[in-house]
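Listing of data30.tsv; format and content: TSV, C-alpha atoms and all ligand atoms.
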```
chain	number	residue	atom	x	y	z
A	16	MET	CA	-35.03	9.80	-21.37
A	17	LYS	CA	-36.45	7.05	-19.17
A	18	CYS	CA	-34.76	4.10	-17.46
A	19	ARG	CA	-35.42	1.00	-19.54
A	20	ILE	CA	-35.96	-1.13	-16.45
A	21	CYS	CA	-38.20	0.98	-14.22
A	22	GLY	CA	-39.29	3.94	-16.34
A	23	LYS	CA	-37.94	6.52	-13.87
A	24	GLU	CA	-35.92	9.47	-15.15
A	25	ALA	CA	-32.63	8.05	-16.53
A	26	PHE	CA	-29.35	9.64	-15.58
A	27	VAL	CA	-27.13	7.88	-18.09
A	28	LYS	CA	-27.39	6.60	-21.63
A	29	LEU	CA	-24.96	3.81	-22.48
A	30	ARG	CA	-24.61	4.22	-26.21
A	31	SER	CA	-22.78	0.91	-26.80
A	32	TYR	CA	-25.85	-0.92	-25.53
A	33	ASN	CA	-28.39	1.70	-26.54
A	34	LEU	CA	-29.52	1.59	-22.94
A	35	ALA	CA	-30.78	4.39	-20.68
A	36	LEU	CA	-30.72	3.71	-16.92
A	37	CYS	CA	-31.55	5.35	-13.62
A	38	GLU	CA	-28.87	5.40	-10.90
A	39	GLU	CA	-30.15	2.32	-9.14
A	40	HIS	CA	-30.33	0.22	-12.29
A	41	PHE	CA	-26.98	1.51	-13.50
A	42	VAL	CA	-25.38	0.20	-10.29
A	43	GLU	CA	-27.08	-3.12	-10.91
A	44	PHE	CA	-25.88	-3.11	-14.53
A	45	VAL	CA	-22.24	-2.70	-13.43
A	46	ARG	CA	-22.51	-5.57	-10.97
A	47	ARG	CA	-24.09	-7.78	-13.60
A	48	ARG	CA	-21.28	-7.03	-16.05
A	49	VAL	CA	-18.72	-8.10	-13.44
A	50	GLU	CA	-20.65	-11.25	-12.68
A	51	LYS	CA	-20.95	-11.98	-16.37
A	52	ALA	CA	-17.17	-11.68	-16.86
A	53	ILE	CA	-16.53	-13.92	-13.85
A	54	LYS	CA	-18.91	-16.61	-15.12
A	55	LYS	CA	-18.05	-16.37	-18.82
A	56	PHE	CA	-14.33	-16.75	-18.23
A	57	LYS	CA	-14.72	-19.04	-15.19
A	58	MET	CA	-12.59	-16.69	-13.10
A	59	VAL	CA	-13.40	-17.54	-9.48
A	60	SER	CA	-16.05	-19.18	-7.33
A	61	LYS	CA	-17.68	-18.06	-4.07
A	62	GLU	CA	-15.46	-20.51	-2.14
A	63	ASP	CA	-12.25	-18.86	-3.37
A	64	HIS	CA	-10.26	-16.40	-1.33
A	65	ILE	CA	-9.29	-13.58	-3.69
A	66	LEU	CA	-6.45	-11.12	-3.27
A	67	VAL	CA	-7.51	-7.80	-4.79
A	68	ALA	CA	-4.65	-5.59	-5.96
A	69	VAL	CA	-5.69	-2.12	-4.79
A	70	SER	CA	-3.93	1.03	-5.97
A	71	GLY	CA	-6.40	3.58	-4.61
A	72	GLY	CA	-7.51	4.46	-8.15
A	73	LYS	CA	-11.15	4.13	-9.23
A	74	ASP	CA	-10.75	0.80	-11.01
A	75	SER	CA	-9.34	-1.22	-8.14
A	76	ILE	CA	-11.68	0.46	-5.63
A	77	VAL	CA	-14.73	-0.34	-7.76
A	78	LEU	CA	-13.45	-3.87	-8.32
A	79	TRP	CA	-13.09	-4.45	-4.59
A	80	HIS	CA	-16.48	-2.91	-3.88
A	81	VAL	CA	-18.33	-4.97	-6.49
A	82	LEU	CA	-16.65	-8.26	-5.51
A	83	ASN	CA	-17.60	-7.60	-1.91
A	84	GLU	CA	-21.18	-6.70	-2.84
A	85	LEU	CA	-21.46	-9.89	-4.89
A	86	GLY	CA	-20.44	-11.92	-1.86
A	87	TYR	CA	-16.89	-12.91	-2.78
A	88	ARG	CA	-14.28	-13.45	-0.08
A	89	THR	CA	-11.57	-10.84	-0.57
A	90	THR	CA	-8.44	-9.37	0.99
A	91	GLY	CA	-6.90	-6.20	-0.39
A	92	TYR	CA	-3.22	-5.77	-1.22
A	93	PHE	CA	-1.67	-2.32	-1.46
A	94	LEU	CA	1.92	-1.78	-2.59
A	95	ASN	CA	3.39	1.54	-1.49
A	96	LEU	CA	5.73	2.50	-4.35
A	97	GLY	CA	7.40	5.32	-2.43
A	98	ILE	CA	6.23	8.04	-4.85
A	99	ASP	CA	5.98	10.53	-1.97
A	100	GLU	CA	2.66	12.25	-1.63
A	101	PHE	CA	1.00	10.26	-4.41
A	102	SER	CA	1.71	6.89	-2.76
A	103	ASN	CA	0.76	8.09	0.71
A	104	LYS	CA	-2.52	9.59	-0.49
A	105	SER	CA	-3.32	6.38	-2.39
A	106	GLN	CA	-2.58	4.28	0.69
A	107	LYS	CA	-4.88	6.43	2.84
A	108	ILE	CA	-7.69	5.90	0.36
A	109	ALA	CA	-7.17	2.12	0.29
A	110	GLU	CA	-7.18	2.11	4.12
A	111	GLU	CA	-10.23	4.34	4.34
A	112	PHE	CA	-12.10	2.03	1.97
A	113	ALA	CA	-11.06	-1.11	3.86
A	114	ASN	CA	-12.20	0.43	7.17
A	115	ARG	CA	-15.49	1.61	5.77
A	116	PHE	CA	-16.42	-1.86	4.55
A	117	SER	CA	-14.59	-3.80	7.31
A	118	LEU	CA	-12.29	-5.53	4.86
A	119	GLU	CA	-8.78	-6.80	5.43
A	120	LEU	CA	-5.96	-4.88	3.72
A	121	LYS	CA	-2.33	-5.94	3.44
A	122	VAL	CA	0.22	-3.21	2.87
A	123	GLU	CA	3.73	-3.74	1.54
A	124	TYR	CA	6.38	-1.02	1.11
A	125	LEU	CA	8.69	-1.11	-1.90
A	126	ARG	CA	11.35	0.57	0.26
A	127	ASP	CA	11.27	-2.43	2.61
A	128	VAL	CA	11.66	-4.85	-0.28
A	129	LEU	CA	14.26	-3.09	-2.44
A	130	GLY	CA	15.66	-0.36	-0.17
A	131	VAL	CA	14.48	2.32	-2.63
A	132	GLY	CA	11.25	3.64	-4.14
A	133	ILE	CA	10.19	4.36	-7.73
A	134	PRO	CA	11.72	7.91	-7.79
A	135	GLU	CA	15.22	6.46	-7.18
A	136	ILE	CA	14.60	3.74	-9.75
A	137	ALA	CA	13.54	6.46	-12.20
A	138	ARG	CA	16.91	8.14	-11.68
A	139	ILE	CA	18.91	5.06	-12.61
A	140	SER	CA	16.70	3.91	-15.49
A	141	LYS	CA	16.77	5.72	-18.79
A	142	GLY	CA	13.43	7.29	-19.65
A	143	LYS	CA	10.22	6.66	-17.77
A	144	PRO	CA	10.12	4.23	-14.85
A	145	CYS	CA	6.64	2.96	-15.79
A	146	SER	CA	7.64	-0.31	-17.44
A	147	THR	CA	10.06	-1.17	-14.60
A	148	CYS	CA	7.35	-0.17	-12.13
A	149	GLY	CA	4.89	-2.43	-13.96
A	150	MET	CA	7.34	-5.33	-13.75
A	151	ILE	CA	7.85	-4.72	-10.00
A	152	LYS	CA	4.11	-4.58	-9.38
A	153	ARG	CA	3.51	-7.79	-11.33
A	154	TYR	CA	6.25	-9.54	-9.39
A	155	LEU	CA	5.21	-8.43	-5.91
A	156	ILE	CA	1.48	-8.79	-6.48
A	157	ASN	CA	2.14	-12.28	-7.81
A	158	ARG	CA	4.27	-13.13	-4.80
A	159	ALA	CA	1.57	-11.95	-2.41
A	160	GLY	CA	-1.06	-13.78	-4.45
A	161	LEU	CA	0.53	-17.21	-4.12
A	162	ASP	CA	-1.21	-17.69	-0.76
A	163	TYR	CA	-4.64	-17.09	-2.35
A	164	ASP	CA	-6.85	-18.85	-4.90
A	165	ALA	CA	-6.59	-15.94	-7.33
A	166	VAL	CA	-5.36	-12.38	-7.72
A	167	ALA	CA	-7.90	-9.90	-9.11
A	168	THR	CA	-6.73	-6.70	-10.80
A	169	GLY	CA	-8.72	-3.67	-11.95
A	170	HIS	CA	-7.84	-3.79	-15.68
A	171	ASN	CA	-10.85	-2.51	-17.58
A	172	LEU	CA	-12.04	-2.58	-21.19
A	173	ASP	CA	-10.13	0.60	-22.07
A	174	ASP	CA	-6.88	-0.82	-20.67
A	175	GLU	CA	-7.29	-4.16	-22.35
A	176	SER	CA	-8.43	-2.84	-25.72
A	177	SER	CA	-5.66	-0.23	-25.90
A	178	VAL	CA	-2.99	-2.81	-25.02
A	179	LEU	CA	-4.51	-5.13	-27.61
A	180	PHE	CA	-4.50	-2.31	-30.18
A	181	GLY	CA	-0.80	-1.64	-29.51
A	182	ASN	CA	0.11	-5.32	-29.69
A	183	ILE	CA	-1.68	-5.73	-33.01
A	184	LEU	CA	-0.27	-2.50	-34.41
A	185	HIS	CA	3.25	-3.79	-33.79
A	186	TRP	CA	2.36	-7.47	-34.33
A	187	GLN	CA	3.68	-8.48	-30.97
A	188	VAL	CA	2.18	-11.90	-31.39
A	189	GLU	CA	3.83	-13.42	-28.33
A	190	TYR	CA	2.10	-10.81	-26.13
A	191	LEU	CA	-1.24	-11.48	-27.80
A	192	GLU	CA	-0.99	-15.06	-26.68
A	193	ARG	CA	-0.86	-14.10	-23.00
A	194	GLN	CA	-3.42	-11.29	-23.21
A	195	SER	CA	-6.38	-12.85	-21.47
A	196	PRO	CA	-8.94	-11.96	-18.80
A	197	ILE	CA	-7.78	-15.06	-16.91
A	198	LEU	CA	-4.39	-16.72	-16.50
A	199	PRO	CA	-4.40	-20.03	-14.65
A	200	ARG	CA	-2.02	-20.86	-11.83
A	201	ASP	CA	1.31	-22.18	-13.11
A	202	ARG	CA	3.85	-23.26	-10.48
A	203	THR	CA	5.17	-19.94	-9.01
A	204	LEU	CA	2.69	-17.85	-11.01
A	205	ALA	CA	-0.53	-17.13	-9.13
A	206	LYS	CA	-3.87	-17.32	-10.94
A	207	LYS	CA	-4.78	-13.85	-12.33
A	208	VAL	CA	-8.24	-12.57	-13.16
A	209	LYS	CA	-9.58	-9.27	-14.53
A	210	PRO	CA	-13.27	-9.04	-13.60
A	211	LEU	CA	-13.68	-5.47	-14.97
A	212	VAL	CA	-12.85	-6.35	-18.59
A	213	LEU	CA	-16.41	-5.81	-19.77
A	214	LEU	CA	-16.63	-2.27	-18.32
A	215	THR	CA	-15.25	0.99	-19.66
A	216	ASN	CA	-13.38	3.69	-17.78
A	217	HIS	CA	-16.42	5.90	-18.01
A	218	GLU	CA	-18.81	3.29	-16.58
A	219	ILE	CA	-16.44	2.51	-13.71
A	220	LYS	CA	-15.96	6.17	-12.82
A	221	LEU	CA	-19.72	6.71	-12.88
A	222	TYR	CA	-20.25	3.76	-10.52
A	223	ALA	CA	-17.68	5.13	-8.06
A	224	ASP	CA	-19.21	8.61	-8.22
A	225	VAL	CA	-22.83	7.49	-7.88
A	226	LEU	CA	-21.95	5.51	-4.76
A	227	GLY	CA	-19.55	8.13	-3.40
A	228	LEU	CA	-16.63	5.69	-3.18
A	229	PRO	CA	-13.28	7.24	-2.29
A	230	TYR	CA	-10.56	7.08	-4.96
A	231	ILE	CA	-7.46	8.98	-5.95
A	232	PRO	CA	-8.41	11.16	-8.92
A	233	ASP	CA	-4.90	11.91	-10.20
A	234	SER	CA	-2.76	9.43	-12.03
A	235	CYS	CA	0.83	8.67	-11.10
A	236	PRO	CA	3.11	11.69	-11.71
A	237	PHE	CA	5.35	9.58	-13.96
A	238	SER	CA	2.61	8.34	-16.27
A	239	THR	CA	2.05	11.41	-18.46
A	240	GLY	CA	2.61	10.85	-22.17
A	241	ALA	CA	2.59	7.04	-22.04
A	242	THR	CA	2.08	5.52	-25.51
A	243	THR	CA	-0.97	3.56	-24.43
A	244	HIS	CA	-2.68	6.95	-23.87
A	245	TYR	CA	-2.51	7.57	-27.65
A	246	TYR	CA	-4.07	4.21	-28.38
A	247	ARG	CA	-6.73	4.97	-25.84
A	248	ASP	CA	-7.51	8.30	-27.52
A	249	ILE	CA	-7.75	6.65	-30.92
A	250	LEU	CA	-10.16	4.01	-29.61
A	251	ASN	CA	-12.21	6.70	-27.88
A	252	THR	CA	-12.52	8.57	-31.17
A	253	LEU	CA	-13.72	5.37	-32.87
A	254	GLU	CA	-16.11	4.68	-29.99
A	255	GLU	CA	-17.52	8.17	-30.29
A	256	ARG	CA	-18.30	7.60	-33.99
A	257	MET	CA	-19.28	3.93	-33.68
A	258	PRO	CA	-20.56	3.08	-30.19
A	259	GLY	CA	-19.68	-0.45	-29.15
A	260	THR	CA	-16.37	-0.55	-31.06
A	261	LYS	CA	-14.24	-1.23	-28.00
A	262	ILE	CA	-16.27	-4.12	-26.65
A	263	ARG	CA	-16.58	-5.71	-30.11
A	264	PHE	CA	-12.86	-5.27	-30.76
A	265	TYR	CA	-11.89	-6.86	-27.46
A	266	MET	CA	-14.46	-9.65	-27.35
A	267	GLY	CA	-13.83	-10.44	-31.02
A	268	PHE	CA	-10.19	-10.97	-30.19
A	269	ILE	CA	-10.89	-13.14	-27.15
A	270	GLU	CA	-13.29	-15.30	-29.14
A	271	ASN	CA	-10.97	-15.68	-32.15
A	272	LYS	CA	-7.77	-15.91	-30.18
A	273	LYS	CA	-6.98	-19.45	-31.23
A	274	GLY	CA	-5.97	-18.04	-34.60
A	275	PHE	CA	-3.00	-16.35	-32.90
A	276	LYS	CA	-1.44	-19.52	-31.51
A	277	VAL	CA	2.30	-19.03	-31.36
A	278	LYS	CA	4.92	-21.22	-29.85
A	279	GLU	CA	5.10	-20.02	-26.28
A	280	LYS	CA	8.55	-19.40	-24.87
A	281	GLU	CA	9.36	-21.97	-22.26
A	282	LEU	CA	9.24	-20.62	-18.71
A	283	LYS	CA	11.83	-21.79	-16.20
A	284	PRO	CA	12.24	-20.94	-12.51
A	285	CYS	CA	14.55	-17.96	-11.85
A	286	GLU	CA	17.90	-19.15	-10.48
A	287	ARG	CA	17.60	-16.74	-7.55
A	288	CYS	CA	13.96	-16.66	-6.51
A	289	GLY	CA	12.09	-19.36	-8.42
A	290	TYR	CA	9.72	-16.96	-10.23
A	291	LEU	CA	8.98	-18.29	-13.72
A	292	THR	CA	10.96	-16.46	-16.39
A	293	THR	CA	12.30	-16.89	-19.91
A	294	ALA	CA	15.77	-15.70	-18.82
A	295	GLY	CA	18.04	-17.49	-16.33
A	296	ILE	CA	17.60	-14.74	-13.73
A	297	CYS	CA	14.28	-12.87	-13.67
A	298	SER	CA	14.00	-9.10	-14.29
A	299	PHE	CA	13.12	-8.44	-10.65
A	300	CYS	CA	16.25	-10.16	-9.33
A	301	ARG	CA	18.36	-8.39	-11.97
A	302	LEU	CA	16.90	-5.04	-10.89
A	303	ARG	CA	17.55	-5.88	-7.26
A	304	GLU	CA	21.25	-6.56	-8.03
A	305	ARG	CA	21.54	-3.31	-9.96
A	306	ILE	CA	19.99	-1.31	-7.13
A	307	LYS	CA	22.36	-2.87	-4.61
A	308	ILE	CA	25.36	-1.80	-6.66
A	309	GLN	CA	24.09	1.68	-7.62
A	310	PHE	CA	22.96	2.61	-4.12
A	311	ASN	CA	25.60	0.71	-2.21
A	312	LEU	CA	23.05	-1.38	-0.33
A	313	ARG	CA	23.79	-4.63	1.42
B	401	LIG	FE1	4.44	3.06	-11.43
B	401	LIG	FE2	3.57	5.34	-12.19
B	401	LIG	S1	2.57	3.90	-10.95
B	401	LIG	S2	5.52	4.57	-12.52
B	402	ZN	ZN	-34.43	2.24	-13.20
B	403	ZN	ZN	14.11	-13.91	-9.56
```

Mind converting the file's structure to structure tokens?
Ligand code: FES
Ligand code: ZN
Ligand code: ZN
Amino acid sequence: MKCRICGKEAFVKLRSYNLALCEEHFVEFVRRRVEKAIKKFKMVSKEDHILVAVSGGKDSIVLWHVLNELGYRTTGYFLNLGIDEFSNKSQKIAEEFANRFSLELKVEYLRDVLGVGIPEIARISKGKPCSTCGMIKRYLINRAGLDYDAVATGHNLDDESSVLFGNILHWQVEYLERQSPILPRDRTLAKKVKPLVLLTNHEIKLYADVLGLPYIPDSCPFSTGATTHYYRDILNTLEERMPGTKIRFYMGFIENKKGFKVKEKELKPCERCGYLTTAGICSFCRLRERIKIQFNLR
């Protein structure tokens, strides 16, 4: 198998594109996919200052690396969720990466913001803390992102297509409406972009490994058995049989999205903090109140 670009021995065959590439041209392929997503969806420009949400996992590390390589102005943002060893290890990786490439990294501690970490929140919430954790991350990343032109997150094609699959399976039409690789700035909501939407998990991991980028290999200890993992498995089975399914599924949706127009719920500023919400008080402020009562905090 030879690289289609230079004819050297290929090290990967991307079945969705029927494309064999050597290491060097694979790295170039990944960067081009990111650039394509940025241009196609008009995400950011070279003048923008982008806040990159970094978790220490491969996606956000690759995202930060590629944006930097492409010449974008970035600052990293790491939120320490207080999940003991997992959070500390992830933070070390984000710091190591920032040092290696001389990039600025902002660190925020959930314990400073709420007085507790995710393990305590898990104790007071029924079931898994992942959806509450997701809400907290969205809120705090958004808050940090308001000082920047855009917030970039590492959501990839597998994430987006499995969420899309779940939303269609349950006809959660109102979620479909907001599922987009770019969300424009709206009052207290920062602009959000997902430059990795055209790349799969596998391609991103390969990029990180080829370049020897540091990343935390394990996923959060709370995340096992999440429903989106089933959807992901189903899509992987389809992809295996019919290469290119994921990208066609996702891009088909984005291109035909107008057909899903639903009346959007009106967003109003939260009575406590001003964050846009459909309820009077946003979920973050409600959680904060609950934590204060449960843990007797001031
Ligand atoms: Fe938030 Fe796992 S990262 S619960
Ligand atoms: Zn090549
Ligand atoms: Zn609020």

Notebook entry, point to check: Which residues come within 6 Å of A:Lys207, counting only C-alpha atoms, excluding same-chain residues fewer than 3 positions away, as an MDAnalysis selection string?
Noted result: chainID A and resid 165:167 197:198

Hey, can you spit out that residue selection with C-alpha atoms as a PDB file, keeping the file's coordinate frame?
```pdb
ATOM      1  CA  ALA A 165      -6.590 -15.940  -7.330  1.00  0.00           C
ATOM      2  CA  VAL A 166      -5.360 -12.380  -7.720  1.00  0.00           C
ATOM      3  CA  ALA A 167      -7.900  -9.900  -9.110  1.00  0.00           C
ATOM      4  CA  ILE A 197      -7.780 -15.060 -16.910  1.00  0.00           C
ATOM      5  CA  LEU A 198      -4.390 -16.720 -16.500  1.00  0.00           C
TER       6      LEU A 198
END
```

Rows by chain and residue number, stretch 167-200 of chain A within 10 Å of stretch 258-262 of chain A, shortest pair, all atoms listed in the file, as JSON lines:
```
{"residue": "A:Leu172", "atom": "CA", "partner": "A:Ile262", "partner_atom": "CA", "distance": 7.1}
{"residue": "A:Asp173", "atom": "CA", "partner": "A:Lys261", "partner_atom": "CA", "distance": 7.4}
{"residue": "A:Glu175", "atom": "CA", "partner": "A:Lys261", "partner_atom": "CA", "distance": 9.4}
{"residue": "A:Ser176", "atom": "CA", "partner": "A:Lys261", "partner_atom": "CA", "distance": 6.4}
{"residue": "A:Ser177", "atom": "CA", "partner": "A:Lys261", "partner_atom": "CA", "distance": 8.9}
```

Next item on the list: Give the residue list for ligand ZN 402 (chain B) at 12 Å, counting all atoms listed in the file, as an MDAnalysis selection string, sorted by chain and then by residue number.
Entry: chainID A and resid 16:28 34:44

Next item on the list: Give as a list of chain:residue names the residues surrounding ligand ZN 403 (chain B) up to a distance of 12 Å, considering all atoms listed in the file.
Entry: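 The neighbouring residues of ligand ZN 403 (chain B) are, in order, A:Met150, A:Ile151, A:Tyr154, A:Leu155, A:Arg158, A:Thr203, A:Lys283, A:Pro284, A:Cys285, A:Glu286, A:Arg287, A:Cys288, A:Gly289, A:Tyr290, A:Leu291, A:Thr292, A:Thr293, A:Ala294, A:Gly295, A:Ile296, A:Cys297, A:Ser298, A:Phe299, A:Cys300, A:Arg301, A:Leu302, A:Arg303, A:Glu304.
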
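As for atom CA of A:Glu270 and atom CA of A:Glu50, they are spaced 18.5 Å apart.
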
Check: Of the candidates A:Leu96, A:Val178, A:Val212, A:Leu204, which one gets nearest to ligand LIG 401 (chain B) if we count only C-alpha atoms and all ligand atoms?
Finding: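 Closest to ligand LIG 401 (chain B) of all the choices is A:Leu96.
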
Next item on the list: Within 12 Å of ligand LIG 401 (chain B), which residues show up when you count all atoms listed in the file? List them as a PyMOL selection string, please.
Entry: chain A and resi 69-72+94-99+101-102+105+125+132-138+140+142-153+233-241

Box time for stretch 163-172 of chain A: axis-aligned, enclosing all its listed atoms, 8 Å extra on each side; report centre and edge lengths in Å to one decimal, as lines of an AutoDock Vina configuration file.
```
center_x = -8.3
center_y = -10.7
center_z = -11.8
size_x = 23.4
size_y = 32.3
size_z = 34.8
```

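Going from atom CA of A:His244 to atom CA of A:Ile219 covers 17.7 Å.
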
Residue contacts of A:Leu211 (7 Å, all atoms listed in the file) excluding same-chain residues fewer than 3 positions away, as a compact mmCIF listing (two decimals) with C-alpha atoms, keeping the file's coordinate frame:
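The result, stored in around08.txt:
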```txt
# COMPACT_ATOMS: atom_id res chain seq x y z
CA VAL A 49 -18.72 -8.10 -13.44
CA LEU A 78 -13.45 -3.87 -8.32
CA GLY A 169 -8.72 -3.67 -11.95
CA HIS A 170 -7.84 -3.79 -15.68
CA ASN A 171 -10.85 -2.51 -17.58
CA LEU A 214 -16.63 -2.27 -18.32
```
